[in-house]
>>> print(open('structure_37.pdb').read())   # PDB, C-alpha atoms
ATOM      1  CA  MET A   3      98.174 107.204 156.134
ATOM      2  CA  LYS A   4     101.181 106.425 153.947
ATOM      3  CA  LYS A   5      98.947 104.295 151.696
ATOM      4  CA  ILE A   6      96.504 107.182 151.240
ATOM      5  CA  VAL A   7      99.334 109.541 150.269
ATOM      6  CA  VAL A   8     100.586 107.043 147.676
ATOM      7  CA  ILE A   9      97.090 106.679 146.194
ATOM      8  CA  VAL A  10      96.620 110.453 146.028
ATOM      9  CA  LEU A  11     100.011 110.943 144.368
ATOM     10  CA  THR A  12      99.225 108.186 141.865
ATOM     11  CA  LEU A  13      95.917 109.830 140.966
ATOM     12  CA  LEU A  14      97.581 113.227 140.574
ATOM     13  CA  LEU A  15     100.317 111.801 138.346
ATOM     14  CA  THR A  16      97.726 109.969 136.237
ATOM     15  CA  ALA A  17      95.702 113.161 135.812
ATOM     16  CA  ALA A  18      98.826 115.097 134.863
ATOM     17  CA  PHE A  19      99.801 112.423 132.348
ATOM     18  CA  LEU A  20      96.356 112.448 130.741
ATOM     19  CA  ALA A  21      96.346 116.235 130.583
ATOM     20  CA  GLY A  22      99.774 116.128 128.963
ATOM     21  CA  CYS A  23      98.539 113.647 126.359
ATOM     22  CA  ALA A  24      95.593 115.895 125.563
ATOM     23  CA  ASP A  25      97.884 118.906 125.140
ATOM     24  CA  ALA A  26     100.244 116.845 123.005
ATOM     25  CA  ASP A  27      97.513 115.889 120.511
ATOM     26  CA  VAL A  28      98.127 118.919 118.340
ATOM     27  CA  VAL A  29      96.599 117.223 115.294
ATOM     28  CA  LEU A  30      93.215 116.916 116.992
ATOM     29  CA  LYS A  31      93.587 120.397 118.441
ATOM     30  CA  TYR A  32      94.361 122.288 115.244
ATOM     31  CA  SER A  33      92.950 120.251 112.355
ATOM     32  CA  PRO A  34      89.293 121.319 112.787
ATOM     33  CA  GLY A  35      90.283 124.982 112.639
ATOM     34  CA  SER A  36      92.314 124.514 109.473
ATOM     35  CA  LEU A  37      89.364 122.895 107.675
ATOM     36  CA  ASP A  38      87.086 125.622 108.983
ATOM     37  CA  ALA A  39      89.488 128.258 107.660
ATOM     38  CA  ILE A  40      89.265 126.818 104.153
ATOM     39  CA  THR A  41      85.476 126.682 104.060
ATOM     40  CA  LYS A  42      85.161 130.189 105.497
ATOM     41  CA  ALA A  43      87.621 131.579 102.954
ATOM     42  CA  PHE A  44      85.834 129.747 100.103
ATOM     43  CA  PRO A  45      82.183 129.449 101.186
ATOM     44  CA  ASP A  46      81.012 128.542  97.684
ATOM     45  CA  LEU A  47      82.720 125.152  98.082
ATOM     46  CA  VAL A  48      80.019 123.957 100.473
ATOM     47  CA  LYS A  49      76.320 123.322 100.028
ATOM     48  CA  THR A  50      73.665 121.072 101.535
ATOM     49  CA  SER A  51      71.902 118.284  99.667
ATOM     50  CA  GLY A  52      69.355 116.151 101.485
ATOM     51  CA  ASN A  53      71.025 114.589 104.521
ATOM     52  CA  TYR A  54      74.505 115.652 103.420
ATOM     53  CA  VAL A  55      76.818 118.623 103.620
ATOM     54  CA  VAL A  56      78.676 118.600 100.300
ATOM     55  CA  LEU A  57      82.117 120.021  99.551
ATOM     56  CA  THR A  58      83.135 120.274  95.912
ATOM     57  CA  VAL A  59      85.533 122.437  93.912
ATOM     58  CA  ASP A  60      84.619 121.431  90.368
ATOM     59  CA  GLY A  61      81.059 120.127  90.785
ATOM     60  CA  ALA A  62      82.164 116.670  89.623
ATOM     61  CA  THR A  63      84.120 115.147  92.495
ATOM     62  CA  SER A  64      82.651 115.787  95.936
ATOM     63  CA  LEU A  65      82.975 114.979  99.605
ATOM     64  CA  LYS A  66      79.523 114.238 101.004
ATOM     65  CA  SER A  67      79.412 114.146 104.792
ATOM     66  CA  SER A  68      76.204 113.252 106.579
ATOM     67  CA  SER A  69      74.581 115.857 108.778
ATOM     68  CA  ASP A  70      73.357 113.001 110.994
ATOM     69  CA  PHE A  71      75.122 109.629 110.817
ATOM     70  CA  LYS A  72      72.125 107.917 112.401
ATOM     71  CA  GLN A  73      70.045 108.755 109.322
ATOM     72  CA  THR A  74      72.475 107.581 106.625
ATOM     73  CA  GLY A  75      73.238 103.946 107.465
ATOM     74  CA  LYS A  76      76.596 102.832 106.057
ATOM     75  CA  ASP A  77      76.972 105.950 103.911
ATOM     76  CA  ASP A  78      78.088 108.485 106.518
ATOM     77  CA  ILE A  79      80.928 110.003 104.479
ATOM     78  CA  LEU A  80      81.297 109.465 100.736
ATOM     79  CA  PHE A  81      83.441 110.449  97.794
ATOM     80  CA  GLU A  82      81.319 110.998  94.701
ATOM     81  CA  THR A  83      83.085 111.134  91.342
ATOM     82  CA  PRO A  84      82.281 110.290  87.697
ATOM     83  CA  LEU A  85      82.251 106.548  87.010
ATOM     84  CA  LYS A  86      83.369 106.598  83.367
ATOM     85  CA  PRO A  87      87.120 107.158  83.943
ATOM     86  CA  PHE A  88      87.171 104.028  86.125
ATOM     87  CA  THR A  89      85.201 101.814  83.758
ATOM     88  CA  ASP A  90      87.349 103.085  80.877
ATOM     89  CA  ALA A  91      90.343 101.865  82.889
ATOM     90  CA  GLY A  92      88.839  98.399  83.276
ATOM     91  CA  LEU A  93      86.589  98.545  86.342
ATOM     92  CA  ASP A  94      83.925  95.823  86.442
ATOM     93  CA  VAL A  95      81.336  97.306  88.805
ATOM     94  CA  SER A  96      79.822  93.884  89.487
ATOM     95  CA  LYS A  97      83.019  92.960  91.373
ATOM     96  CA  LEU A  98      83.080  95.921  93.742
ATOM     97  CA  PRO A  99      83.366  94.913  97.429
ATOM     98  CA  GLU A 100      82.148  96.802 100.500
ATOM     99  CA  GLY A 101      83.388 100.367 100.665
ATOM    100  CA  TYR A 102      82.350 101.180  97.085
ATOM    101  CA  LYS A 103      79.064 101.645  95.299
ATOM    102  CA  VAL A 104      77.780 102.793  91.928
ATOM    103  CA  GLU A 105      74.635 104.762  91.183
ATOM    104  CA  SER A 106      73.885 105.713  87.589
ATOM    105  CA  ASP A 107      77.034 107.406  86.242
ATOM    106  CA  LYS A 108      78.540 108.060  89.670
ATOM    107  CA  PHE A 109      81.235 106.095  91.501
ATOM    108  CA  TYR A 110      81.325 106.277  95.308
ATOM    109  CA  LEU A 111      83.697 105.454  98.116
ATOM    110  CA  THR A 112      81.689 104.996 101.288
ATOM    111  CA  ALA A 113      82.399 104.839 105.016
ATOM    112  CA  ASP A 114      80.290 103.954 108.062
ATOM    113  CA  TYR A 115      81.093 105.665 111.365
ATOM    114  CA  SER A 116      78.286 104.266 113.529
ATOM    115  CA  ASP A 117      75.423 106.517 114.688
ATOM    116  CA  GLY A 118      77.430 109.647 115.416
ATOM    117  CA  THR A 119      76.576 112.183 118.074
ATOM    118  CA  GLY A 120      73.605 113.966 116.540
ATOM    119  CA  LYS A 121      72.831 116.499 113.838
ATOM    120  CA  LYS A 122      75.678 118.654 112.505
ATOM    121  CA  GLU A 123      75.253 121.918 110.655
ATOM    122  CA  ASN A 124      78.559 122.307 108.805
ATOM    123  CA  ILE A 125      81.218 120.260 107.034
ATOM    124  CA  LYS A 126      83.787 120.560 109.824
ATOM    125  CA  ASP A 127      81.478 119.266 112.561
ATOM    126  CA  SER A 128      80.175 116.512 110.312
ATOM    127  CA  VAL A 129      83.636 115.263 109.291
ATOM    128  CA  PHE A 130      84.918 115.372 112.843
ATOM    129  CA  ASP A 131      81.952 113.391 114.094
ATOM    130  CA  ALA A 132      83.706 110.472 112.376
ATOM    131  CA  VAL A 133      86.846 111.120 114.409
ATOM    132  CA  LYS A 134      84.826 110.789 117.619
ATOM    133  CA  THR A 135      84.228 107.125 116.762
ATOM    134  CA  ASP A 136      87.953 106.451 116.368
ATOM    135  CA  ARG A 137      90.762 108.961 116.928
ATOM    136  CA  MET A 138      93.008 106.921 114.592
ATOM    137  CA  LEU A 139      90.877 108.019 111.641
ATOM    138  CA  LEU A 140      92.454 111.464 111.907
ATOM    139  CA  THR A 141      95.897 111.744 110.309
ATOM    140  CA  TYR A 142      98.676 114.197 109.632
ATOM    141  CA  HIS A 143     100.599 113.790 106.355
ATOM    142  CA  GLN A 144     103.889 115.541 107.004
ATOM    143  CA  ALA A 145     105.197 115.418 103.420
ATOM    144  CA  LEU A 146     102.276 117.527 102.173
ATOM    145  CA  ASP A 147     101.557 119.312 105.470
ATOM    146  CA  HIS A 148      98.011 117.948 105.374
ATOM    147  CA  TYR A 149      95.473 116.767 107.881
ATOM    148  CA  GLY A 150      93.163 113.957 106.803
ATOM    149  CA  VAL A 151      90.235 111.711 107.712
ATOM    150  CA  LYS A 152      90.253 108.099 106.566
ATOM    151  CA  LEU A 153      87.470 106.415 104.610
ATOM    152  CA  THR A 154      87.221 102.672 104.083
ATOM    153  CA  ARG A 155      89.093 102.801 100.750
ATOM    154  CA  GLY A 156      90.600 106.260 100.772
ATOM    155  CA  LYS A 157      91.088 109.516 102.601
ATOM    156  CA  PHE A 158      90.056 113.161 102.483
ATOM    157  CA  GLU A 159      92.953 115.567 103.100
ATOM    158  CA  TRP A 160      93.178 119.322 103.514
ATOM    159  CA  ALA A 161      96.078 121.725 103.940
ATOM    160  CA  LYS A 162      97.201 122.640 107.422
ATOM    161  CA  ASP A 163      97.623 126.200 106.093
ATOM    162  CA  TYR A 164      95.947 126.746 102.722
ATOM    163  CA  THR A 165      97.694 130.108 102.290
ATOM    164  CA  LYS A 166     101.070 128.344 102.079
ATOM    165  CA  ASN A 167     100.106 125.186 100.193
ATOM    166  CA  ASP A 168      99.439 124.465  96.525
ATOM    167  CA  LYS A 169      97.283 121.416  97.340
ATOM    168  CA  ASP A 170      94.541 122.785  99.555
ATOM    169  CA  ILE A 171      92.085 119.891  99.203
ATOM    170  CA  VAL A 172      92.976 116.379  98.079
ATOM    171  CA  PHE A 173      90.798 113.353  97.421
ATOM    172  CA  VAL A 174      92.807 110.165  97.958
ATOM    173  CA  ILE A 175      91.768 106.689  96.751
ATOM    174  CA  ALA A 176      93.714 103.556  97.637
ATOM    175  CA  ALA A 177      94.982 102.152  94.328
ATOM    176  CA  LYS A 178      95.706  98.542  95.263
ATOM    177  CA  PRO A 179      92.084  97.416  95.859
ATOM    178  CA  LEU A 180      91.154  98.712  92.412
ATOM    179  CA  ALA A 181      94.272  97.224  90.802
ATOM    180  CA  ASP A 182      93.301  93.883  92.358
ATOM    181  CA  LEU A 183      89.996  94.184  90.483
ATOM    182  CA  GLY A 184      91.844  94.583  87.178
ATOM    183  CA  VAL A 185      91.721  98.367  86.931
ATOM    184  CA  ASN A 186      94.624 100.075  85.169
ATOM    185  CA  VAL A 187      95.196 102.457  88.062
ATOM    186  CA  GLN A 188      97.978 104.327  86.302
ATOM    187  CA  ASN A 189      95.623 105.414  83.546
ATOM    188  CA  ILE A 190      92.468 106.877  85.117
ATOM    189  CA  GLU A 191      91.529 110.174  83.539
ATOM    190  CA  GLY A 192      91.468 113.036  86.024
ATOM    191  CA  TRP A 193      93.368 111.134  88.720
ATOM    192  CA  VAL A 194      97.103 111.134  89.458
ATOM    193  CA  PHE A 195      98.709 107.788  90.298
ATOM    194  CA  LYS A 196     101.481 108.112  92.855
ATOM    195  CA  THR A 197     103.469 105.961  95.253
ATOM    196  CA  MET A 198     103.646 107.771  98.571
ATOM    197  CA  GLN A 199     104.516 107.066 102.173
ATOM    198  CA  ASP A 200     101.769 106.728 104.744
ATOM    199  CA  GLU A 201     101.968 108.079 108.309
ATOM    200  CA  SER A 202     104.035 105.035 109.336
ATOM    201  CA  GLY A 203     106.559 105.475 106.511
ATOM    202  CA  ASN A 204     105.250 102.580 104.405
ATOM    203  CA  ASP A 205     105.015 102.913 100.613
ATOM    204  CA  ILE A 206     101.445 102.890  99.317
ATOM    205  CA  ASP A 207      99.978 103.394  95.836
ATOM    206  CA  VAL A 208      97.243 105.996  95.671
ATOM    207  CA  LEU A 209      95.108 107.935  93.245
ATOM    208  CA  LEU A 210      95.075 111.665  93.945
ATOM    209  CA  LYS A 211      92.822 114.501  92.892
ATOM    210  CA  PRO A 212      94.322 117.713  94.330
ATOM    211  CA  TYR A 213      92.918 121.227  94.146
ATOM    212  CA  ASP A 214      94.703 124.545  94.559
ATOM    213  CA  LEU A 215      91.995 126.958  95.666
ATOM    214  CA  LYS A 216      94.073 130.085  94.971
TER     215      LYS A 216
END
>>> encode(input="structure_37.pdb", output="structure tokens")
Amino acid sequence: MKKIVVIVLTLLLTAAFLAGCADADVVLKYSPGSLDAITKAFPDLVKTSGNYVVLTVDGATSLKSSSDFKQTGKDDILFETPLKPFTDAGLDVSKLPEGYKVESDKFYLTADYSDGTGKKENIKDSVFDAVKTDRMLLTYHQALDHYGVKLTRGKFEWAKDYTKNDKDIVFVIAAKPLADLGVNVQNIEGWVFKTMQDESGNDIDVLLKPYDLK
């Protein structure tokens, strides 16, 4: 009898601990709503194109998130941006490793998140399908008060509260992989080079393209 009581108490404590962890994951709880708030306030940012839901402010640099990861192979979420600023800064496209691709005059960062969980109708559900493959892909950048989803060579970030932020959407590209290819990362037209701290407090060099939607 005593053994049964111990087992029951252990199960109850485990359940309580797991429930507490779920409640404590405020980033996962609130980040989808903050992205949804942005796209509802600025519906013209989002359109559909083929298998992708596309978010773009200026029509040049875009987040393309697959509406069905199973249909898009290794290109589930992409950054699309003009290639010329990167080649002008010394990029040799023949040296690009996995995580990048070039098509015509466009430069892409790509990310593969497995087969996903089925068809998604909007940018929020599509982006967060990636998080279902790995919770660690979802981040909170305290310095900018941003949530973010990691790509292979970069990150897409959005403001926790766009009404109180001057950087509502930010495209982030890791600078070091490009610098290792000989690119002058401090001189890429349209991109801001900056040394920042990641979620663990480590210094990292990044290229930023921020947008203030107000």
>>> closest_residue(input="structure_37.pdb", among="A:Thr50, A:Ser36, A:Gln73, A:Thr83", to="Gly192 (chain A)", atoms="all atoms listed in the file")
A:Thr83
>>> closest_residue(input="structure_37.pdb", among="A:Ile79, A:Leu180, A:Val104, A:Val48", to="Phe130 (chain A)", atoms="only C-alpha atoms")
A:Ile79
>>> closest_residue(input="structure_37.pdb", among="A:Lys42, A:Ala177, A:Thr197, A:Ile171", to="Val59 (chain A)", atoms="only C-alpha atoms")
A:Ile171
>>> atom_distance(input="structure_37.pdb", atom1="CA of Asp170 (chain A)", atom2="CA of Leu111 (chain A)")
20.5 Å
>>> atom_distance(input="structure_37.pdb", atom1="CA of Phe195 (chain A)", atom2="CA of Asp207 (chain A)")
7.2 Å
>>> closest_residue(input="structure_37.pdb", among="A:Gly150, A:Pro34, A:Gly184, A:Gly203", to="Phe88 (chain A)", atoms="only C-alpha atoms")
A:Gly184
>>> resolve_selection(input="structure_37.pdb", expression="the PyMOL selection byres ((chain A and resi 76) around 10)", output="number ranges by chain")
A: 71-75, 77-80, 100-101, 112-117
>>> residues_near_point(input="structure_37.pdb", point="(91.2, 115.6, 93.3)", cutoff="9 Å", atoms="all atoms listed in the file", output="list in words")
Val59, Thr63, Ser64, Ile171, Val172, Phe173, Val174, Gly192, Trp193, Val194, Leu209, Leu210, Lys211, Pro212 and Tyr213 of chain A
>>> atom_distance(input="structure_37.pdb", atom1="CA of Asp27 (chain A)", atom2="CA of Leu139 (chain A)")
13.6 Å
>>> closest_residue(input="structure_37.pdb", among="A:Asp205, A:Asp107, A:Glu82, A:Asp147", to="Ala161 (chain A)", atoms="all atoms listed in the file")
A:Asp147
